>>> print(open('run-v9.csv').read())   # CSV, C-alpha atoms and all ligand atoms
chain,number,residue,atom,x,y,z
A,26,MET,CA,112.4,132.0,84.1
A,27,ALA,CA,110.1,130.8,86.8
A,28,LEU,CA,111.0,129.1,90.1
A,29,GLU,CA,109.0,125.9,90.1
A,30,ARG,CA,108.7,122.7,92.1
A,31,THR,CA,108.4,119.3,90.6
A,32,PHE,CA,108.0,115.8,92.0
A,33,SER,CA,110.6,113.0,91.6
A,34,ILE,CA,110.9,109.3,92.4
A,35,ILE,CA,114.1,107.4,92.6
A,36,LYS,CA,112.8,104.0,91.6
A,37,PRO,CA,113.5,100.5,93.1
A,38,ASP,CA,116.1,99.6,90.4
A,39,ALA,CA,118.2,102.5,91.6
A,40,THR,CA,117.8,102.0,95.3
A,41,ARG,CA,118.6,98.3,94.9
A,42,ARG,CA,121.9,99.1,93.2
A,43,ASN,CA,122.7,101.7,95.8
A,44,LEU,CA,122.5,104.6,93.3
A,45,THR,CA,120.5,107.0,95.4
A,46,GLY,CA,123.4,109.4,96.0
A,47,LYS,CA,124.5,109.2,92.3
A,48,VAL,CA,121.0,110.2,91.2
A,49,ILE,CA,120.8,113.0,93.7
A,50,SER,CA,124.2,114.3,92.5
A,51,MET,CA,123.0,114.4,88.9
A,52,LEU,CA,119.9,116.3,89.9
A,53,GLU,CA,121.9,118.8,92.0
A,54,GLU,CA,124.5,119.2,89.3
A,55,GLY,CA,121.7,119.9,86.9
A,56,GLY,CA,120.6,122.9,88.9
A,57,LEU,CA,117.8,121.4,91.0
A,58,ARG,CA,117.5,121.6,94.8
A,59,VAL,CA,116.0,118.8,97.0
A,60,VAL,CA,113.5,120.6,99.2
A,61,ALA,CA,111.8,117.5,100.5
A,62,GLN,CA,112.7,113.9,100.5
A,63,LYS,CA,111.8,110.5,102.1
A,64,ARG,CA,112.5,106.9,101.6
A,65,VAL,CA,109.4,104.8,101.5
A,66,LYS,CA,108.1,101.4,100.4
A,67,LEU,CA,105.0,101.8,98.3
A,68,ASP,CA,102.2,99.3,98.9
A,69,GLN,CA,99.9,98.1,96.1
A,70,ALA,CA,97.2,100.7,96.8
A,71,LYS,CA,99.6,103.6,96.8
A,72,ALA,CA,101.3,102.5,93.6
A,73,GLU,CA,98.0,102.0,91.8
A,74,GLY,CA,96.8,105.4,93.0
A,75,PHE,CA,99.9,107.2,91.9
A,76,TYR,CA,99.8,105.6,88.5
A,77,ALA,CA,96.0,105.6,88.1
A,78,VAL,CA,96.3,107.6,84.8
A,79,HIS,CA,98.0,104.5,83.3
A,80,LYS,CA,95.5,101.9,84.6
A,81,GLU,CA,94.3,101.0,81.1
A,82,ARG,CA,97.8,100.6,79.7
A,83,PRO,CA,99.1,97.0,79.1
A,84,PHE,CA,102.2,97.6,81.4
A,85,PHE,CA,100.1,98.8,84.4
A,86,ASN,CA,100.3,95.6,86.5
A,87,ASP,CA,104.0,95.1,85.8
A,88,LEU,CA,104.6,98.8,86.6
A,89,CYS,CA,102.9,98.5,90.0
A,90,ALA,CA,104.6,95.3,90.8
A,91,PHE,CA,108.0,96.9,90.0
A,92,MET,CA,107.3,100.0,92.0
A,93,THR,CA,106.4,98.0,95.1
A,94,SER,CA,109.4,95.6,94.7
A,95,GLY,CA,111.7,97.7,96.9
A,96,PRO,CA,112.2,101.1,98.5
A,97,VAL,CA,111.8,104.3,96.6
A,98,ILE,CA,112.9,107.9,97.3
A,99,VAL,CA,110.2,110.4,96.8
A,100,GLN,CA,111.4,114.0,96.4
A,101,VAL,CA,110.3,117.6,95.8
A,102,LEU,CA,112.8,119.4,93.5
A,103,GLU,CA,112.9,123.1,93.2
A,104,GLY,CA,114.6,125.3,90.6
A,105,GLU,CA,114.2,127.5,87.5
A,106,ASN,CA,111.7,125.7,85.2
A,107,ALA,CA,112.1,122.7,87.4
A,108,VAL,CA,109.5,120.5,85.6
A,109,ALA,CA,111.2,120.8,82.2
A,110,ARG,CA,114.7,120.9,83.7
A,111,ASN,CA,114.1,117.6,85.6
A,112,ARG,CA,112.9,116.0,82.4
A,113,GLU,CA,116.0,117.0,80.6
A,114,ILE,CA,118.2,115.7,83.4
A,115,MET,CA,116.3,112.4,83.4
A,116,GLY,CA,116.2,111.8,79.6
A,117,ALA,CA,113.7,109.9,77.6
A,118,THR,CA,111.4,107.3,79.3
A,119,ASN,CA,113.1,104.5,77.4
A,120,PRO,CA,116.8,104.6,78.2
A,121,ALA,CA,117.6,103.4,74.7
A,122,ASP,CA,116.2,106.7,73.4
A,123,ALA,CA,117.8,108.9,76.1
A,124,ASP,CA,120.5,111.4,75.4
A,125,GLU,CA,124.1,110.9,76.6
A,126,GLY,CA,124.7,112.2,80.1
A,127,THR,CA,121.1,111.8,81.3
A,128,ILE,CA,120.2,109.8,84.3
A,129,ARG,CA,118.3,107.2,82.3
A,130,LYS,CA,121.0,106.8,79.7
A,131,THR,CA,123.7,106.5,82.3
A,132,LEU,CA,121.9,104.4,84.9
A,133,ALA,CA,118.6,102.9,83.8
A,134,GLU,CA,118.1,99.2,83.1
A,135,SER,CA,115.0,99.2,80.9
A,136,ILE,CA,111.9,101.2,80.0
A,137,GLU,CA,110.3,99.8,83.2
A,138,ALA,CA,113.3,99.9,85.5
A,139,ASN,CA,114.2,103.4,84.3
A,140,SER,CA,115.6,104.7,87.6
A,141,VAL,CA,113.6,107.9,88.0
A,142,HIS,CA,110.1,109.3,87.6
A,143,GLY,CA,109.5,113.1,87.1
A,144,SER,CA,106.3,115.0,86.7
A,145,ASP,CA,105.3,115.9,83.1
A,146,SER,CA,103.6,119.2,83.9
A,147,LEU,CA,103.4,121.9,86.6
A,148,GLU,CA,99.8,120.9,87.2
A,149,ASN,CA,100.7,117.2,87.7
A,150,ALA,CA,103.7,118.2,89.8
A,151,ALA,CA,101.3,119.8,92.3
A,152,ILE,CA,99.0,116.7,92.4
A,153,GLU,CA,102.0,114.3,92.7
A,154,ILE,CA,103.7,116.4,95.5
A,155,ALA,CA,100.4,116.5,97.4
A,156,PHE,CA,100.1,112.7,97.0
A,157,PHE,CA,103.2,112.2,99.1
A,158,PHE,CA,104.0,115.3,101.1
A,159,ASN,CA,102.3,117.7,103.5
A,160,ASN,CA,103.3,121.4,103.2
A,161,ASP,CA,105.2,121.4,106.4
A,162,GLU,CA,107.5,118.6,105.0
A,163,ILE,CA,108.7,120.9,102.2
A,164,VAL,CA,111.5,123.2,103.2
A,165,GLY,CA,112.7,125.5,100.4
B,201,LIG,P1,107.2,107.0,84.6
B,201,LIG,O1,107.7,108.3,84.3
B,201,LIG,O2,107.4,106.6,86.0
B,201,LIG,O3,105.7,106.9,84.2
B,201,LIG,C1,105.1,105.6,83.9
B,201,LIG,C2,106.0,104.5,83.8
B,201,LIG,O4,105.6,103.4,83.1
B,201,LIG,C3,107.2,105.0,83.0
B,201,LIG,O5,108.0,105.9,83.7
B,201,LIG,C4,107.9,103.7,82.7
B,201,LIG,O6,108.9,103.4,83.6
B,201,LIG,C5,106.8,102.7,82.8
B,201,LIG,N1,106.6,101.9,81.5
B,201,LIG,C6,106.7,100.6,81.4
B,201,LIG,N2,106.5,100.2,80.2
B,201,LIG,C7,106.2,101.3,79.5
B,201,LIG,C8,105.9,101.5,78.1
B,201,LIG,N3,105.8,100.5,77.2
B,201,LIG,N4,105.7,102.8,77.7
B,201,LIG,C9,105.8,103.8,78.6
B,201,LIG,N5,106.1,103.6,79.9
B,201,LIG,C10,106.3,102.4,80.3
>>> encode(input="run-v9.csv", output="structure tokens")
Amino acid sequence: MALERTFSIIKPDATRRNLTGKVISMLEEGGLRVVAQKRVKLDQAKAEGFYAVHKERPFFNDLCAFMTSGPVIVQVLEGENAVARNREIMGATNPADADEGTIRKTLAESIEANSVHGSDSLENAAIEIAFFFNNDEIVG
């Protein structure tokens, strides 16, 4: 087992419904530790930059509009196999496909308003963490 860090976003649908604490509890109960966290409002450039890998996808404009529609919580999570563990705790991208007990099955509204984002690989976790955090903001 490897101690890893992954990047997480609590999305605008969750902050709008005052579910920040509920999501954090589910992450912590799943064995992850919040080692950095801030509440921010993404602007268009930041959202487009973060999701640049999806820019050719048909949902890109809607995704950026949604992600700038309200505050988000950006986080660094630490734990054993944190990248994979976080993806288990989140559940499938589409809440209709997510397992019982996952964040998305329990809380998400739709494939777009799916409450959380989590890095899909250790390599992308490092890139995404650096997109939002300086090293001195991460306290493990
Ligand atoms: P996320 O993990 O933040 O990465 C990209 C996001 O695009 C994804 O979660 C979904 O919320 C969103 N999205 C919207 N529509 C789709 C779609 N049809 N397929 C995949 N992702 C989608």
>>> closest_atom_pairs(input="run-v9.csv", of="chain A", to="ligand LIG 201 (chain B)", cutoff="9 Å", atoms="only C-alpha atoms and all ligand atoms", output="Markdown table")
| residue | atom | partner | partner_atom | distance |
| --- | --- | --- | --- | --- |
| A:Ile34 | CA | B:LIG201 | O2 | 7.8 |
| A:Lys36 | CA | B:LIG201 | O2 | 8.2 |
| A:Tyr76 | CA | B:LIG201 | C1 | 7.0 |
| A:His79 | CA | B:LIG201 | C1 | 7.2 |
| A:Arg82 | CA | B:LIG201 | C8 | 8.3 |
| A:Pro83 | CA | B:LIG201 | N3 | 7.8 |
| A:Phe84 | CA | B:LIG201 | N2 | 5.2 |
| A:Phe85 | CA | B:LIG201 | O4 | 7.3 |
| A:Asp87 | CA | B:LIG201 | C6 | 7.5 |
| A:Leu88 | CA | B:LIG201 | O4 | 5.9 |
| A:Cys89 | CA | B:LIG201 | O4 | 8.9 |
| A:Met92 | CA | B:LIG201 | O2 | 8.9 |
| A:Thr118 | CA | B:LIG201 | O5 | 5.7 |
| A:Asn119 | CA | B:LIG201 | C9 | 7.4 |
| A:Ser135 | CA | B:LIG201 | O6 | 7.9 |
| A:Ile136 | CA | B:LIG201 | O6 | 5.2 |
| A:Glu137 | CA | B:LIG201 | O6 | 3.9 |
| A:Ala138 | CA | B:LIG201 | O6 | 5.9 |
| A:Asn139 | CA | B:LIG201 | O6 | 5.3 |
| A:Ser140 | CA | B:LIG201 | O6 | 7.9 |
| A:Val141 | CA | B:LIG201 | O2 | 6.6 |
| A:His142 | CA | B:LIG201 | O2 | 4.1 |
| A:Gly143 | CA | B:LIG201 | O1 | 5.8 |
| A:Ser144 | CA | B:LIG201 | O1 | 7.3 |
| A:Asp145 | CA | B:LIG201 | O1 | 8.1 |
>>> write_last_selection(input="run-v9.csv", atoms="C-alpha atoms", output="PDB file, in the frame of the given file")
ATOM      1  CA  ILE A  34     110.900 109.300  92.400  1.00  0.00           C
ATOM      2  CA  LYS A  36     112.800 104.000  91.600  1.00  0.00           C
ATOM      3  CA  TYR A  76      99.800 105.600  88.500  1.00  0.00           C
ATOM      4  CA  HIS A  79      98.000 104.500  83.300  1.00  0.00           C
ATOM      5  CA  ARG A  82      97.800 100.600  79.700  1.00  0.00           C
ATOM      6  CA  PRO A  83      99.100  97.000  79.100  1.00  0.00           C
ATOM      7  CA  PHE A  84     102.200  97.600  81.400  1.00  0.00           C
ATOM      8  CA  PHE A  85     100.100  98.800  84.400  1.00  0.00           C
ATOM      9  CA  ASP A  87     104.000  95.100  85.800  1.00  0.00           C
ATOM     10  CA  LEU A  88     104.600  98.800  86.600  1.00  0.00           C
ATOM     11  CA  CYS A  89     102.900  98.500  90.000  1.00  0.00           C
ATOM     12  CA  MET A  92     107.300 100.000  92.000  1.00  0.00           C
ATOM     13  CA  THR A 118     111.400 107.300  79.300  1.00  0.00           C
ATOM     14  CA  ASN A 119     113.100 104.500  77.400  1.00  0.00           C
ATOM     15  CA  SER A 135     115.000  99.200  80.900  1.00  0.00           C
ATOM     16  CA  ILE A 136     111.900 101.200  80.000  1.00  0.00           C
ATOM     17  CA  GLU A 137     110.300  99.800  83.200  1.00  0.00           C
ATOM     18  CA  ALA A 138     113.300  99.900  85.500  1.00  0.00           C
ATOM     19  CA  ASN A 139     114.200 103.400  84.300  1.00  0.00           C
ATOM     20  CA  SER A 140     115.600 104.700  87.600  1.00  0.00           C
ATOM     21  CA  VAL A 141     113.600 107.900  88.000  1.00  0.00           C
ATOM     22  CA  HIS A 142     110.100 109.300  87.600  1.00  0.00           C
ATOM     23  CA  GLY A 143     109.500 113.100  87.100  1.00  0.00           C
ATOM     24  CA  SER A 144     106.300 115.000  86.700  1.00  0.00           C
ATOM     25  CA  ASP A 145     105.300 115.900  83.100  1.00  0.00           C
TER      26      ASP A 145
END
>>> residues_around(input="run-v9.csv", residues="A:Val164", least_positions_apart="3", cutoff="10 Å", atoms="only C-alpha atoms", output="ChimeraX atom specification")
/A:59-62,101,160-161
>>> residues_around(input="run-v9.csv", residues="A:Glu103", least_positions_apart="2", cutoff="12 Å", atoms="all atoms listed in the file", output="ChimeraX atom specification")
/A:27-33,52-53,55-62,100-101,105-111,147,150,154,163-165
>>> closest_residue(input="run-v9.csv", among="A:Thr127, A:Ser94, A:Asn149, A:Asn43", to="A:Val78", atoms="all atoms listed in the file")
A:Asn149
>>> closest_residue(input="run-v9.csv", among="A:Val97, A:Glu81, A:Glu153, A:Gly126", to="A:Arg64", atoms="all atoms listed in the file")
A:Val97
>>> atom_distance(input="run-v9.csv", atom1="atom CA of A:Arg129", atom2="atom CA of A:Val48")
9.8 Å
>>> atom_distance(input="run-v9.csv", atom1="atom CA of A:Ser146", atom2="atom CA of A:Asp38")
24.1 Å
>>> atom_distance(input="run-v9.csv", atom1="atom CA of A:Lys66", atom2="atom CA of A:Gly95")
6.2 Å
>>> closest_residue(input="run-v9.csv", among="A:Leu102, A:Ala70, A:Gly116, A:Glu134", to="A:Ala90", atoms="all atoms listed in the file")
A:Ala70
>>> decode(input="run-v9.csv", residues="stretch 73-88 of chain A", atoms="all heavy atoms", output="mmCIF file, in the first residue's frame")
data_model
loop_
_atom_site.group_PDB
_atom_site.id
_atom_site.type_symbol
_atom_site.label_atom_id
_atom_site.label_comp_id
_atom_site.auth_asym_id
_atom_site.auth_seq_id
_atom_site.Cartn_x
_atom_site.Cartn_y
_atom_site.Cartn_z
ATOM 1 N N GLU A 73 -11.954 26.619 -17.596
ATOM 2 C CA GLU A 73 -11.529 26.116 -18.910
ATOM 3 C C GLU A 73 -10.130 25.513 -18.826
ATOM 4 O O GLU A 73 -9.846 24.500 -19.463
ATOM 5 C CB GLU A 73 -11.558 27.242 -19.953
ATOM 6 C CG GLU A 73 -12.966 27.638 -20.350
ATOM 7 C CD GLU A 73 -12.991 28.729 -21.414
ATOM 8 O OE1 GLU A 73 -11.911 29.125 -21.901
ATOM 9 O OE2 GLU A 73 -14.101 29.181 -21.757
ATOM 10 N N GLY A 74 -9.263 26.121 -18.043
ATOM 11 C CA GLY A 74 -7.912 25.590 -17.879
ATOM 12 C C GLY A 74 -7.910 24.257 -17.164
ATOM 13 O O GLY A 74 -7.230 23.310 -17.579
ATOM 14 N N PHE A 75 -8.692 24.162 -16.120
ATOM 15 C CA PHE A 75 -8.730 22.921 -15.345
ATOM 16 C C PHE A 75 -9.269 21.769 -16.187
ATOM 17 O O PHE A 75 -8.769 20.642 -16.118
ATOM 18 C CB PHE A 75 -9.590 23.107 -14.084
ATOM 19 C CG PHE A 75 -9.635 21.872 -13.246
ATOM 20 C CD1 PHE A 75 -8.532 21.524 -12.472
ATOM 21 C CD2 PHE A 75 -10.731 21.032 -13.255
ATOM 22 C CE1 PHE A 75 -8.537 20.353 -11.712
ATOM 23 C CE2 PHE A 75 -10.744 19.868 -12.513
ATOM 24 C CZ PHE A 75 -9.651 19.542 -11.740
ATOM 25 N N TYR A 76 -10.311 22.041 -16.973
ATOM 26 C CA TYR A 76 -10.965 20.987 -17.760
ATOM 27 C C TYR A 76 -10.498 20.986 -19.223
ATOM 28 O O TYR A 76 -11.204 20.447 -20.085
ATOM 29 C CB TYR A 76 -12.481 21.143 -17.693
ATOM 30 C CG TYR A 76 -13.098 20.604 -16.409
ATOM 31 C CD1 TYR A 76 -13.811 21.424 -15.548
ATOM 32 C CD2 TYR A 76 -12.987 19.261 -16.078
ATOM 33 C CE1 TYR A 76 -14.388 20.927 -14.385
ATOM 34 C CE2 TYR A 76 -13.550 18.754 -14.920
ATOM 35 C CZ TYR A 76 -14.253 19.584 -14.074
ATOM 36 O OH TYR A 76 -14.828 19.081 -12.935
ATOM 37 N N ALA A 77 -9.313 21.543 -19.498
ATOM 38 C CA ALA A 77 -8.817 21.661 -20.883
ATOM 39 C C ALA A 77 -8.813 20.323 -21.616
ATOM 40 O O ALA A 77 -9.053 20.274 -22.833
ATOM 41 C CB ALA A 77 -7.422 22.273 -20.885
ATOM 42 N N VAL A 78 -8.563 19.236 -20.878
ATOM 43 C CA VAL A 78 -8.538 17.904 -21.503
ATOM 44 C C VAL A 78 -9.888 17.550 -22.132
ATOM 45 O O VAL A 78 -9.953 16.723 -23.048
ATOM 46 C CB VAL A 78 -8.108 16.849 -20.448
ATOM 47 C CG1 VAL A 78 -9.137 16.713 -19.341
ATOM 48 C CG2 VAL A 78 -7.827 15.514 -21.085
ATOM 49 N N HIS A 79 -10.956 18.191 -21.673
ATOM 50 C CA HIS A 79 -12.306 17.898 -22.183
ATOM 51 C C HIS A 79 -12.777 18.917 -23.225
ATOM 52 O O HIS A 79 -13.955 18.924 -23.598
ATOM 53 C CB HIS A 79 -13.323 17.884 -21.035
ATOM 54 C CG HIS A 79 -13.118 16.785 -20.053
ATOM 55 N ND1 HIS A 79 -13.096 15.460 -20.410
ATOM 56 C CD2 HIS A 79 -12.919 16.805 -18.704
ATOM 57 C CE1 HIS A 79 -12.890 14.712 -19.330
ATOM 58 N NE2 HIS A 79 -12.778 15.504 -18.294
ATOM 59 N N LYS A 80 -11.888 19.808 -23.712
ATOM 60 C CA LYS A 80 -12.393 20.964 -24.475
ATOM 61 C C LYS A 80 -13.064 20.600 -25.796
ATOM 62 O O LYS A 80 -13.857 21.395 -26.304
ATOM 63 C CB LYS A 80 -11.322 22.029 -24.658
ATOM 64 C CG LYS A 80 -10.162 21.691 -25.539
ATOM 65 C CD LYS A 80 -9.285 22.940 -25.670
ATOM 66 C CE LYS A 80 -8.093 22.730 -26.561
ATOM 67 N NZ LYS A 80 -7.167 21.710 -26.088
ATOM 68 N N GLU A 81 -12.786 19.427 -26.328
ATOM 69 C CA GLU A 81 -13.471 19.007 -27.561
ATOM 70 C C GLU A 81 -14.769 18.255 -27.298
ATOM 71 O O GLU A 81 -15.476 17.876 -28.233
ATOM 72 C CB GLU A 81 -12.545 18.126 -28.416
ATOM 73 C CG GLU A 81 -11.203 18.743 -28.751
ATOM 74 C CD GLU A 81 -11.313 20.066 -29.503
ATOM 75 O OE1 GLU A 81 -12.344 20.316 -30.174
ATOM 76 O OE2 GLU A 81 -10.373 20.876 -29.384
ATOM 77 N N ARG A 82 -15.071 18.017 -26.039
ATOM 78 C CA ARG A 82 -16.265 17.222 -25.710
ATOM 79 C C ARG A 82 -17.519 18.095 -25.824
ATOM 80 O O ARG A 82 -17.488 19.301 -25.556
ATOM 81 C CB ARG A 82 -16.181 16.644 -24.284
ATOM 82 C CG ARG A 82 -14.900 15.859 -24.010
ATOM 83 C CD ARG A 82 -14.898 14.484 -24.646
ATOM 84 N NE ARG A 82 -15.789 13.560 -23.967
ATOM 85 C CZ ARG A 82 -15.444 12.807 -22.924
ATOM 86 N NH1 ARG A 82 -14.231 12.878 -22.416
ATOM 87 N NH2 ARG A 82 -16.312 11.978 -22.391
ATOM 88 N N PRO A 83 -18.653 17.513 -26.209
ATOM 89 C CA PRO A 83 -19.878 18.315 -26.400
ATOM 90 C C PRO A 83 -20.380 18.981 -25.126
ATOM 91 O O PRO A 83 -21.082 19.986 -25.199
ATOM 92 C CB PRO A 83 -20.894 17.292 -26.934
ATOM 93 C CG PRO A 83 -20.323 15.955 -26.644
ATOM 94 C CD PRO A 83 -18.828 16.106 -26.574
ATOM 95 N N PHE A 84 -19.997 18.422 -23.969
ATOM 96 C CA PHE A 84 -20.495 18.982 -22.714
ATOM 97 C C PHE A 84 -19.562 20.044 -22.116
ATOM 98 O O PHE A 84 -19.825 20.555 -21.029
ATOM 99 C CB PHE A 84 -20.738 17.861 -21.693
ATOM 100 C CG PHE A 84 -19.538 16.989 -21.410
ATOM 101 C CD1 PHE A 84 -18.560 17.387 -20.514
ATOM 102 C CD2 PHE A 84 -19.399 15.749 -22.028
ATOM 103 C CE1 PHE A 84 -17.461 16.598 -20.237
ATOM 104 C CE2 PHE A 84 -18.289 14.947 -21.762
ATOM 105 C CZ PHE A 84 -17.326 15.373 -20.862
ATOM 106 N N PHE A 85 -18.472 20.403 -22.844
ATOM 107 C CA PHE A 85 -17.452 21.279 -22.254
ATOM 108 C C PHE A 85 -18.009 22.644 -21.833
ATOM 109 O O PHE A 85 -17.758 23.109 -20.709
ATOM 110 C CB PHE A 85 -16.297 21.460 -23.246
ATOM 111 C CG PHE A 85 -15.205 22.356 -22.742
ATOM 112 C CD1 PHE A 85 -14.352 21.947 -21.731
ATOM 113 C CD2 PHE A 85 -15.026 23.627 -23.282
ATOM 114 C CE1 PHE A 85 -13.337 22.773 -21.269
ATOM 115 C CE2 PHE A 85 -14.015 24.457 -22.822
ATOM 116 C CZ PHE A 85 -13.172 24.033 -21.818
ATOM 117 N N ASN A 86 -18.779 23.301 -22.700
ATOM 118 C CA ASN A 86 -19.282 24.640 -22.363
ATOM 119 C C ASN A 86 -20.235 24.590 -21.173
ATOM 120 O O ASN A 86 -20.157 25.428 -20.262
ATOM 121 C CB ASN A 86 -19.973 25.285 -23.568
ATOM 122 C CG ASN A 86 -18.972 25.710 -24.625
ATOM 123 O OD1 ASN A 86 -17.782 25.816 -24.351
ATOM 124 N ND2 ASN A 86 -19.451 25.924 -25.845
ATOM 125 N N ASP A 87 -21.126 23.609 -21.183
ATOM 126 C CA ASP A 87 -22.048 23.463 -20.051
ATOM 127 C C ASP A 87 -21.294 23.146 -18.764
ATOM 128 O O ASP A 87 -21.641 23.653 -17.690
ATOM 129 C CB ASP A 87 -23.065 22.343 -20.325
ATOM 130 C CG ASP A 87 -24.123 22.753 -21.337
ATOM 131 O OD1 ASP A 87 -24.231 23.964 -21.626
ATOM 132 O OD2 ASP A 87 -24.837 21.859 -21.835
ATOM 133 N N LEU A 88 -20.275 22.304 -18.875
ATOM 134 C CA LEU A 88 -19.482 21.931 -17.695
ATOM 135 C C LEU A 88 -18.811 23.169 -17.094
ATOM 136 O O LEU A 88 -18.867 23.381 -15.869
ATOM 137 C CB LEU A 88 -18.426 20.888 -18.101
ATOM 138 C CG LEU A 88 -17.403 20.493 -17.039
ATOM 139 C CD1 LEU A 88 -18.074 19.835 -15.838
ATOM 140 C CD2 LEU A 88 -16.350 19.549 -17.644
#
